[in-house]
>>> print(open('model33.cif').read())   # mmCIF, C-alpha atoms and all ligand atoms
data_work
#
loop_
_atom_site.label_atom_id
_atom_site.label_comp_id
_atom_site.auth_asym_id
_atom_site.auth_seq_id
_atom_site.Cartn_x
_atom_site.Cartn_y
_atom_site.Cartn_z
CA LEU R 1 -1.28 -48.38 66.68
CA SER R 2 0.74 -50.81 64.61
CA LEU R 3 -0.62 -52.18 61.36
CA ALA R 4 3.00 -52.82 60.34
CA GLY R 5 4.29 -55.60 62.62
CA GLY R 6 5.74 -58.67 60.95
CA TYR R 7 5.49 -61.01 63.97
CA PRO R 8 2.57 -62.02 66.20
CA ASP R 9 2.50 -59.80 69.28
CA ALA R 10 3.20 -60.97 72.84
CA SER R 11 -0.48 -61.66 73.56
CA MET R 12 -0.42 -64.42 70.90
CA ARG R 13 2.74 -66.04 72.23
CA HIS R 14 3.66 -68.25 75.17
CA ASP R 15 6.98 -66.71 76.15
CA GLU R 16 6.90 -68.47 79.53
CA ARG R 17 6.96 -71.87 77.79
CA VAL R 18 9.88 -70.75 75.64
CA ALA R 19 11.73 -69.56 78.76
CA VAL R 20 11.21 -72.87 80.58
CA ALA R 21 12.28 -74.94 77.55
CA LEU R 22 15.36 -72.80 77.05
CA ALA R 23 16.36 -72.88 80.74
CA ARG R 24 16.18 -76.68 80.71
CA ALA R 25 18.13 -76.93 77.45
CA ALA R 26 20.81 -74.55 78.70
CA ARG R 27 21.53 -76.76 81.75
CA ARG R 28 21.82 -80.11 79.95
CA PRO R 29 25.26 -81.76 79.92
CA GLY R 30 27.19 -80.67 76.84
CA ALA R 31 24.70 -77.86 76.14
CA TRP R 32 27.43 -75.40 75.21
CA GLU R 33 29.66 -77.76 73.22
CA PRO R 34 29.86 -77.47 69.42
CA THR R 35 26.87 -79.10 67.69
CA PRO R 36 26.60 -81.02 64.40
CA MET R 37 26.95 -78.58 61.52
CA MET R 38 23.64 -79.66 59.94
CA GLY R 39 21.73 -79.31 63.23
CA ILE R 40 20.65 -81.75 65.94
CA PRO R 41 19.00 -84.93 64.58
CA GLU R 42 15.72 -84.55 66.52
CA LEU R 43 15.06 -81.11 65.04
CA ARG R 44 16.12 -82.12 61.53
CA GLY R 45 13.77 -85.07 61.85
CA TRP R 46 10.85 -82.88 62.91
CA PHE R 47 11.29 -80.46 59.98
CA ALA R 48 11.77 -83.42 57.62
CA ARG R 49 8.41 -84.89 58.66
CA GLU R 50 6.70 -81.50 58.27
CA PHE R 51 8.18 -80.98 54.78
CA GLY R 52 7.76 -84.62 53.72
CA VAL R 53 11.47 -85.12 52.92
CA ASP R 54 14.36 -87.21 54.31
CA GLN R 55 16.09 -86.06 57.46
CA ASP R 56 19.39 -85.98 55.55
CA ASP R 57 17.90 -83.30 53.30
CA VAL R 58 17.46 -80.80 56.15
CA LEU R 59 19.86 -78.15 57.46
CA ILE R 60 18.95 -76.18 60.61
CA THR R 61 19.40 -72.38 60.40
CA PRO R 62 18.74 -69.34 62.61
CA GLY R 63 15.39 -68.51 60.91
CA VAL R 64 14.50 -67.95 57.27
CA GLN R 65 16.40 -64.70 56.82
CA ALA R 66 19.78 -66.35 57.39
CA ALA R 67 18.68 -69.29 55.26
CA LEU R 68 17.76 -66.97 52.39
CA SER R 69 21.10 -65.24 52.55
CA ALA R 70 23.12 -68.47 52.57
CA THR R 71 21.00 -70.05 49.84
CA MET R 72 21.10 -67.16 47.39
CA ARG R 73 24.85 -66.78 47.79
CA ALA R 74 25.40 -70.53 47.49
CA ILE R 75 23.50 -70.79 44.22
CA LEU R 76 24.40 -67.74 42.18
CA PRO R 77 27.44 -65.57 41.50
CA ALA R 78 27.11 -61.79 41.87
CA GLY R 79 25.65 -60.14 38.79
CA SER R 80 23.10 -62.92 38.12
CA PRO R 81 19.40 -62.20 37.63
CA VAL R 82 16.85 -63.61 40.12
CA LEU R 83 13.11 -63.75 39.40
CA PHE R 84 10.76 -62.59 42.16
CA ALA R 85 7.01 -63.14 42.13
CA VAL R 86 5.77 -59.63 43.04
CA PRO R 87 4.59 -58.19 45.35
CA THR R 88 7.33 -59.80 47.40
CA TYR R 89 9.05 -59.82 50.79
CA PRO R 90 11.46 -56.83 51.10
CA GLY R 91 13.85 -58.89 53.23
CA ALA R 92 14.40 -61.28 50.31
CA LEU R 93 15.02 -58.37 47.95
CA ALA R 94 17.55 -56.96 50.42
CA VAL R 95 19.36 -60.32 50.52
CA ALA R 96 19.53 -60.51 46.73
CA ARG R 97 20.80 -56.95 46.39
CA SER R 98 23.39 -57.37 49.12
CA ALA R 99 24.70 -60.45 47.29
CA GLY R 100 25.04 -58.38 44.09
CA LEU R 101 22.14 -60.22 42.39
CA ILE R 102 19.67 -58.46 40.10
CA PRO R 103 15.99 -58.83 41.08
CA VAL R 104 13.58 -59.14 38.15
CA PRO R 105 9.82 -58.86 38.84
CA VAL R 106 7.24 -61.41 37.66
CA PRO R 107 3.63 -60.31 38.35
CA THR R 108 1.14 -62.36 40.37
CA ASP R 109 -2.66 -62.45 40.54
CA PRO R 110 -4.76 -63.88 43.40
CA GLU R 111 -3.78 -67.40 42.21
CA GLY R 112 -0.07 -66.72 42.57
CA VAL R 113 2.67 -66.15 40.01
CA ARG R 114 1.39 -65.70 36.43
CA THR R 115 2.91 -68.63 34.61
CA GLU R 116 2.77 -67.18 31.07
CA LEU R 117 4.82 -64.22 32.33
CA LEU R 118 7.13 -66.52 34.28
CA GLU R 119 7.94 -68.46 31.12
CA ARG R 120 8.75 -65.22 29.29
CA ALA R 121 10.88 -63.96 32.19
CA PHE R 122 12.97 -67.16 32.26
CA ALA R 123 13.47 -66.91 28.49
CA ALA R 124 14.30 -63.19 28.49
CA THR R 125 16.74 -63.18 31.41
CA GLY R 126 18.23 -66.68 31.48
CA ALA R 127 17.65 -66.58 35.26
CA ARG R 128 18.59 -69.71 37.21
CA LEU R 129 16.62 -68.83 40.34
CA LEU R 130 13.02 -67.97 41.22
CA TYR R 131 12.00 -66.72 44.67
CA LEU R 132 8.44 -67.73 45.50
CA GLN R 133 6.09 -67.87 48.49
CA PRO R 134 3.52 -70.47 47.40
CA THR R 135 1.75 -70.55 50.79
CA PHE R 136 0.26 -67.42 52.44
CA ALA R 137 2.57 -64.95 50.75
CA ASN R 138 3.80 -61.81 52.46
CA PRO R 139 2.24 -59.29 51.71
CA ASP R 140 -1.08 -60.59 50.29
CA GLY R 141 -1.72 -63.87 52.18
CA GLN R 142 -2.53 -65.75 48.94
CA VAL R 143 -1.72 -69.33 47.93
CA LEU R 144 -0.32 -70.60 44.62
CA ALA R 145 -3.29 -72.28 42.89
CA SER R 146 -3.06 -76.07 42.75
CA THR R 147 -3.48 -75.85 38.95
CA ARG R 148 -0.28 -73.77 38.71
CA ARG R 149 2.03 -75.85 40.89
CA GLN R 150 3.06 -78.37 38.22
CA GLU R 151 3.40 -75.64 35.61
CA VAL R 152 5.76 -73.61 37.83
CA LEU R 153 7.86 -76.72 38.49
CA ALA R 154 7.96 -77.58 34.78
CA LEU R 155 9.00 -74.05 33.81
CA ALA R 156 11.81 -74.01 36.38
CA GLY R 157 12.89 -77.46 35.17
CA LYS R 158 12.96 -76.31 31.54
CA ALA R 159 15.03 -73.25 32.50
CA GLY R 160 17.43 -75.35 34.62
CA ALA R 161 16.56 -73.07 37.55
CA PHE R 162 16.16 -73.55 41.28
CA ILE R 163 13.06 -72.34 43.11
CA ILE R 164 13.51 -70.92 46.61
CA GLU R 165 10.23 -71.78 48.30
CA ASP R 166 9.96 -69.35 51.23
CA ASP R 167 7.55 -71.32 53.39
CA TRP R 168 7.74 -68.86 56.32
CA ALA R 169 3.97 -68.99 57.05
CA ARG R 170 3.45 -72.79 57.00
CA TRP R 171 1.98 -72.72 60.51
CA LEU R 172 -0.03 -69.51 60.06
CA SER R 173 -3.06 -70.90 58.26
CA HIS R 174 -6.30 -69.22 59.32
CA ALA R 175 -8.40 -72.35 58.89
CA GLY R 176 -7.47 -75.96 58.23
CA PRO R 177 -4.09 -77.30 57.21
CA ALA R 178 -1.83 -75.37 54.81
CA PRO R 179 -1.29 -76.86 51.32
CA PRO R 180 1.74 -79.18 51.17
CA PRO R 181 5.07 -77.52 50.44
CA LEU R 182 6.03 -77.39 46.75
CA ILE R 183 9.11 -79.51 47.46
CA ARG R 184 6.80 -82.51 47.89
CA ASP R 185 5.76 -82.30 44.22
CA ASP R 186 9.33 -81.84 42.99
CA ASP R 187 10.87 -85.03 41.59
CA HIS R 188 13.97 -83.38 40.15
CA GLY R 189 15.59 -81.46 43.03
CA HIS R 190 14.72 -77.97 41.78
CA VAL R 191 12.99 -76.76 44.95
CA ILE R 192 14.76 -75.49 48.06
CA THR R 193 12.32 -74.97 50.91
CA LEU R 194 12.90 -72.61 53.82
CA ALA R 195 10.78 -72.45 56.97
CA SER R 196 10.97 -70.98 60.43
CA LEU R 197 9.60 -71.24 63.94
CA THR R 198 10.12 -67.55 64.75
CA LYS R 199 6.54 -66.59 63.84
CA THR R 200 4.88 -69.29 65.90
CA THR R 201 7.17 -69.50 68.95
CA ALA R 202 8.92 -66.12 69.41
CA PRO R 203 10.80 -63.72 67.10
CA SER R 204 13.95 -64.22 69.16
CA LEU R 205 13.85 -68.01 69.07
CA ARG R 206 15.91 -67.92 65.91
CA VAL R 207 15.31 -71.42 64.58
CA GLY R 208 14.45 -72.44 61.02
CA ALA R 209 15.47 -74.90 58.34
CA VAL R 210 16.48 -75.34 54.70
CA SER R 211 15.46 -78.45 52.83
CA ALA R 212 16.88 -79.47 49.45
CA ARG R 213 17.66 -82.68 47.59
CA GLY R 214 21.05 -83.31 46.06
CA PRO R 215 24.41 -81.56 46.35
CA VAL R 216 22.96 -78.04 46.62
CA LEU R 217 22.23 -78.56 50.34
CA GLN R 218 25.94 -79.11 51.00
CA ARG R 219 26.67 -75.85 49.18
CA VAL R 220 24.18 -74.01 51.41
CA ALA R 221 25.66 -75.70 54.49
CA ALA R 222 29.14 -74.57 53.43
CA MET R 223 27.89 -71.00 53.19
CA ARG R 224 26.28 -71.25 56.64
CA MET R 225 29.64 -72.49 57.95
CA VAL R 226 31.31 -69.39 56.52
CA ASP R 227 28.69 -67.22 58.23
CA ASP R 228 28.72 -68.64 61.77
CA PHE R 229 29.87 -72.29 61.92
CA PHE R 230 26.76 -73.89 63.50
CA MET R 231 23.51 -73.14 65.30
CA CYS R 232 23.29 -72.56 69.07
CA ARG R 233 22.48 -75.96 70.60
CA PRO R 234 20.18 -74.82 73.48
CA LEU R 235 17.99 -72.95 70.97
CA GLN R 236 17.63 -76.11 68.89
CA GLU R 237 16.82 -78.27 71.91
CA ALA R 238 14.30 -75.76 73.21
CA ALA R 239 12.65 -75.75 69.76
CA VAL R 240 12.39 -79.57 69.80
CA GLU R 241 10.78 -79.43 73.23
CA LEU R 242 8.22 -76.85 72.08
CA VAL R 243 7.18 -78.46 68.79
CA THR R 244 6.93 -81.96 70.26
CA SER R 245 4.95 -80.91 73.35
CA THR R 246 1.26 -81.80 73.63
CA HIS R 247 0.59 -78.07 73.71
CA TRP R 248 1.94 -77.36 70.22
CA GLU R 249 -1.19 -78.25 68.19
CA ARG R 250 -3.40 -76.33 70.61
CA GLN R 251 -1.12 -73.31 70.32
CA LEU R 252 -1.30 -73.38 66.51
CA LYS R 253 -5.10 -73.53 66.69
CA ALA R 254 -5.13 -70.57 69.09
CA VAL R 255 -2.86 -68.54 66.77
CA ALA R 256 -5.14 -69.36 63.81
CA ALA R 257 -8.23 -68.33 65.77
CA THR R 258 -6.68 -65.01 66.83
CA LEU R 259 -5.50 -64.22 63.29
CA ARG R 260 -8.97 -65.04 61.93
CA ASP R 261 -10.59 -62.81 64.51
CA ARG R 262 -8.24 -59.91 63.84
CA LEU R 263 -8.71 -60.25 60.09
CA HIS R 264 -12.48 -60.27 60.59
CA HIS R 265 -12.25 -56.99 62.54
CA LEU R 266 -9.95 -55.51 59.92
CA ILE R 267 -12.31 -56.39 57.06
CA ARG R 268 -15.27 -54.91 58.94
CA ALA R 269 -13.35 -51.70 59.64
CA LEU R 270 -12.20 -51.42 56.00
CA ALA R 271 -15.82 -51.72 54.83
CA THR R 272 -16.71 -48.77 57.08
CA ASP R 273 -13.73 -46.48 56.59
CA LEU R 274 -12.13 -47.41 53.26
CA PRO R 275 -14.98 -48.95 51.24
CA ASP R 276 -13.38 -48.03 47.89
CA CYS R 277 -10.09 -49.84 48.55
CA GLY R 278 -10.03 -53.36 47.10
CA TYR R 279 -8.21 -56.49 48.30
CA ALA R 280 -8.29 -60.27 48.04
CA LYS R 281 -9.05 -61.83 51.44
CA PRO R 282 -5.85 -63.39 52.84
CA GLN R 283 -5.99 -67.17 53.33
CA GLY R 284 -3.23 -67.19 55.92
CA GLY R 285 -0.24 -65.22 57.13
CA LEU R 286 -0.21 -61.86 58.82
CA SER R 287 -1.19 -59.16 56.35
CA LEU R 288 -3.64 -57.88 53.76
CA TRP R 289 -2.65 -56.13 50.52
CA LEU R 290 -4.82 -53.05 50.25
CA GLN R 291 -5.29 -51.37 46.90
CA LEU R 292 -5.35 -47.56 47.18
CA PRO R 293 -7.28 -45.20 44.90
CA GLN R 294 -5.52 -44.77 41.54
CA GLY R 295 -3.11 -41.84 41.55
CA SER R 296 -2.54 -41.79 45.32
CA ASP R 297 0.96 -41.93 46.76
CA ASP R 298 1.43 -44.87 49.16
CA SER R 299 4.46 -43.29 50.88
CA ILE R 300 2.68 -40.03 51.59
CA ILE R 301 -0.35 -41.92 52.91
CA ALA R 302 1.89 -44.01 55.19
CA GLU R 303 3.52 -40.79 56.46
CA LYS R 304 0.17 -39.13 57.13
CA ALA R 305 -1.09 -42.27 58.84
CA LEU R 306 1.96 -42.23 61.10
CA ALA R 307 1.25 -38.61 61.96
CA ASN R 308 -2.26 -39.87 62.94
CA GLY R 309 -0.65 -42.51 65.20
CA VAL R 310 -0.88 -45.56 62.87
CA SER R 311 2.09 -47.34 61.31
CA VAL R 312 1.59 -49.17 58.03
CA LEU R 313 4.01 -50.09 55.24
CA PRO R 314 3.83 -48.50 51.76
CA GLY R 315 3.39 -51.05 49.00
CA ARG R 316 6.39 -49.82 47.02
CA LEU R 317 8.69 -51.61 49.51
CA PHE R 318 7.27 -54.89 48.18
CA SER R 319 7.85 -54.16 44.51
CA ILE R 320 10.82 -53.91 42.15
CA GLY R 321 11.40 -50.83 40.02
CA GLU R 322 8.42 -48.62 39.28
CA PRO R 323 5.54 -49.65 41.56
CA GLY R 324 2.31 -50.31 39.63
CA HIS R 325 -1.04 -49.62 41.25
CA PRO R 326 -0.47 -48.08 44.74
CA HIS R 327 -0.99 -50.38 47.76
CA LEU R 328 -0.45 -50.55 51.50
CA ARG R 329 0.51 -53.67 53.42
CA VAL R 330 -1.90 -53.79 56.35
CA ALA R 331 -0.69 -56.26 59.00
CA TYR R 332 -3.08 -57.58 61.64
CA ALA R 333 -0.73 -59.65 63.82
CA SER R 334 0.46 -56.99 66.20
CA LEU R 335 -2.71 -55.17 67.19
CA ASP R 336 -5.49 -56.45 69.43
CA SER R 337 -8.93 -56.80 67.75
CA SER R 338 -10.37 -54.17 70.09
CA ARG R 339 -8.07 -51.50 68.62
CA ILE R 340 -8.23 -52.37 64.93
CA ALA R 341 -11.33 -50.25 64.17
CA GLU R 342 -9.64 -47.18 65.67
CA ALA R 343 -6.44 -47.81 63.69
CA VAL R 344 -8.33 -48.23 60.40
CA HIS R 345 -10.42 -45.13 61.11
CA ARG R 346 -7.22 -43.09 61.50
CA LEU R 347 -5.77 -44.70 58.38
CA GLY R 348 -8.97 -43.81 56.50
CA ASP R 349 -8.58 -40.18 57.60
CA ALA R 350 -5.02 -40.19 56.19
CA VAL R 351 -6.20 -41.59 52.83
CA LYS R 352 -9.01 -39.04 52.62
CA LEU R 353 -6.68 -36.16 53.54
CA VAL R 354 -4.18 -37.10 50.83
CA GLN R 355 -6.99 -37.53 48.28
CA SER R 356 -8.52 -34.16 49.09
CA ASN R 357 -5.08 -32.51 48.80
CA ASN R 358 -4.69 -34.18 45.39
CA ASP R 359 -8.17 -33.03 44.28
CA SER R 360 -7.54 -29.42 45.28
CA ARG R 361 -4.31 -29.21 43.23
C1 LIG E 1 8.21 -63.83 53.71
C2 LIG E 1 9.18 -63.85 54.84
N1 LIG E 1 10.26 -64.63 54.77
C3 LIG E 1 11.16 -64.66 55.75
C4 LIG E 1 11.04 -63.88 56.88
C5 LIG E 1 12.12 -63.96 57.92
O1 LIG E 1 11.69 -64.60 59.04
P1 LIG E 1 12.66 -65.24 60.13
O2 LIG E 1 14.06 -64.90 59.75
O3 LIG E 1 12.23 -64.64 61.42
O4 LIG E 1 12.42 -66.70 60.07
C6 LIG E 1 9.93 -63.04 57.01
C7 LIG E 1 9.79 -62.19 58.19
O5 LIG E 1 8.95 -61.31 58.25
C8 LIG E 1 8.98 -63.02 55.96
O6 LIG E 1 7.89 -62.23 56.01
#
>>> encode(input="model33.cif", output="structure tokens")
Amino acid sequence: LSLAGGYPDASMRHDERVAVALARAARRPGAWEPTPMMGIPELRGWFAREFGVDQDDVLITPGVQAALSATMRAILPAGSPVLFAVPTYPGALAVARSAGLIPVPVPTDPEGVRTELLERAFAATGARLLYLQPTFANPDGQVLASTRRQEVLALAGKAGAFIIEDDWARWLSHAGPAPPPLIRDDDHGHVITLASLTKTTAPSLRVGAVSARGPVLQRVAAMRMVDDFFMCRPLQEAAVELVTSTHWERQLKAVAATLRDRLHHLIRALATDLPDCGYAKPQGGLSLWLQLPQGSDDSIIAEKALANGVSVLPGRLFSIGEPGHPHLRVAYASLDSSRIAEAVHRLGDAVKLVQSNNDSR
């Protein structure tokens, strides 16, 4: 029983539509010729309209992960500090570390990154980059409060720093439209926004985009060229077909409804089996950040849960250095509602077992 999956499961997808779009794209004349380095114009245009930027400010990439890697390497030399609002996405930490960068944590609360601590972190480290997920962050599903958006932009401006806005969950709102991307409020070219279609179409439809104003986009594009020249054309054309079809809006609504329903079942099950574990209700995205009883070990609990047949990720993967209060990331995108109660019951047994072992020591 997976409470660990980072992508919507097959029951939430329309793989047959992806297959048809891809088959058509693969047979078009010139399908397998080299494509423009920045991506095909139709797809750049679609992302540009979604972000609220110019088409020229968009580069197509194979998902967010590749975009993160190219962007971090394009901006900073090895050995530089990078600020991360924590808890954070382990894949972004892995990118930073593999590029020889030094991740520095900046704590968040349910309203997003704590700006007084962000100001101190910029001053103490001289960092020129902040990694942030303002909308439906992985792991806690929270949104940067509207009152903090301008402050975060001003602090980055004062520090002469870029902000990587990882907007991976833009189309995973549980109700109503997501807040606009931070790049729309940025008049000075500090924000670089990354987004992806892998979560809403299929994990293997590796299509995403980077948006940035000014010369930095050309630096990212140059890094992408070093990595693999350009993006597969049939994938890009299939993506255009999917996002411009009349079905797209309906599909997003269906995904939102399923996520809402699964979260509802998860919250009900937590109230029954883990009533002492706190959390802030996610506003979007795929996971809930569950606070464990003080003194418990998240890794041991995740191991015991696995032995009980439930996979879940220990919170320490989402932190930098010494983890603070222990947490688990409980994902609800890869398990049907009908099985969530059973999974949480087994998880609850693992938590209780570890607690009783602790008490008897
Ligand atoms: C916060 C975040 N960013 C980026 C990614 C990478 O997504 P992809 O490369 O599939 O677009 C993920 C995947 O789980 C994620 O959770």
>>> residues_near_ligand(input="model33.cif", ligand="ligand LIG 1 (chain E)", cutoff="10 Å", atoms="only C-alpha atoms and all ligand atoms", output="VMD selection string")
chain R and resid 5 to 7 61 to 68 88 to 92 132 to 133 135 to 139 165 to 169 194 to 200 202 to 209 285 to 287
>>> residues_around(input="model33.cif", residues="R:Asp57", least_positions_apart="3", cutoff="10 Å", atoms="all atoms listed in the file", output="PyMOL selection string")
chain R and resi 38+44-45+47-48+53-54+192+210-218
>>> atom_distance(input="model33.cif", atom1="atom CA of R:His14", atom2="atom CA of R:Leu235")
15.7 Å
>>> atom_distance(input="model33.cif", atom1="atom CA of R:Leu59", atom2="atom CA of R:Met37")
8.2 Å
>>> atom_distance(input="model33.cif", atom1="atom CA of R:Trp46", atom2="atom CA of R:Val220")
19.7 Å
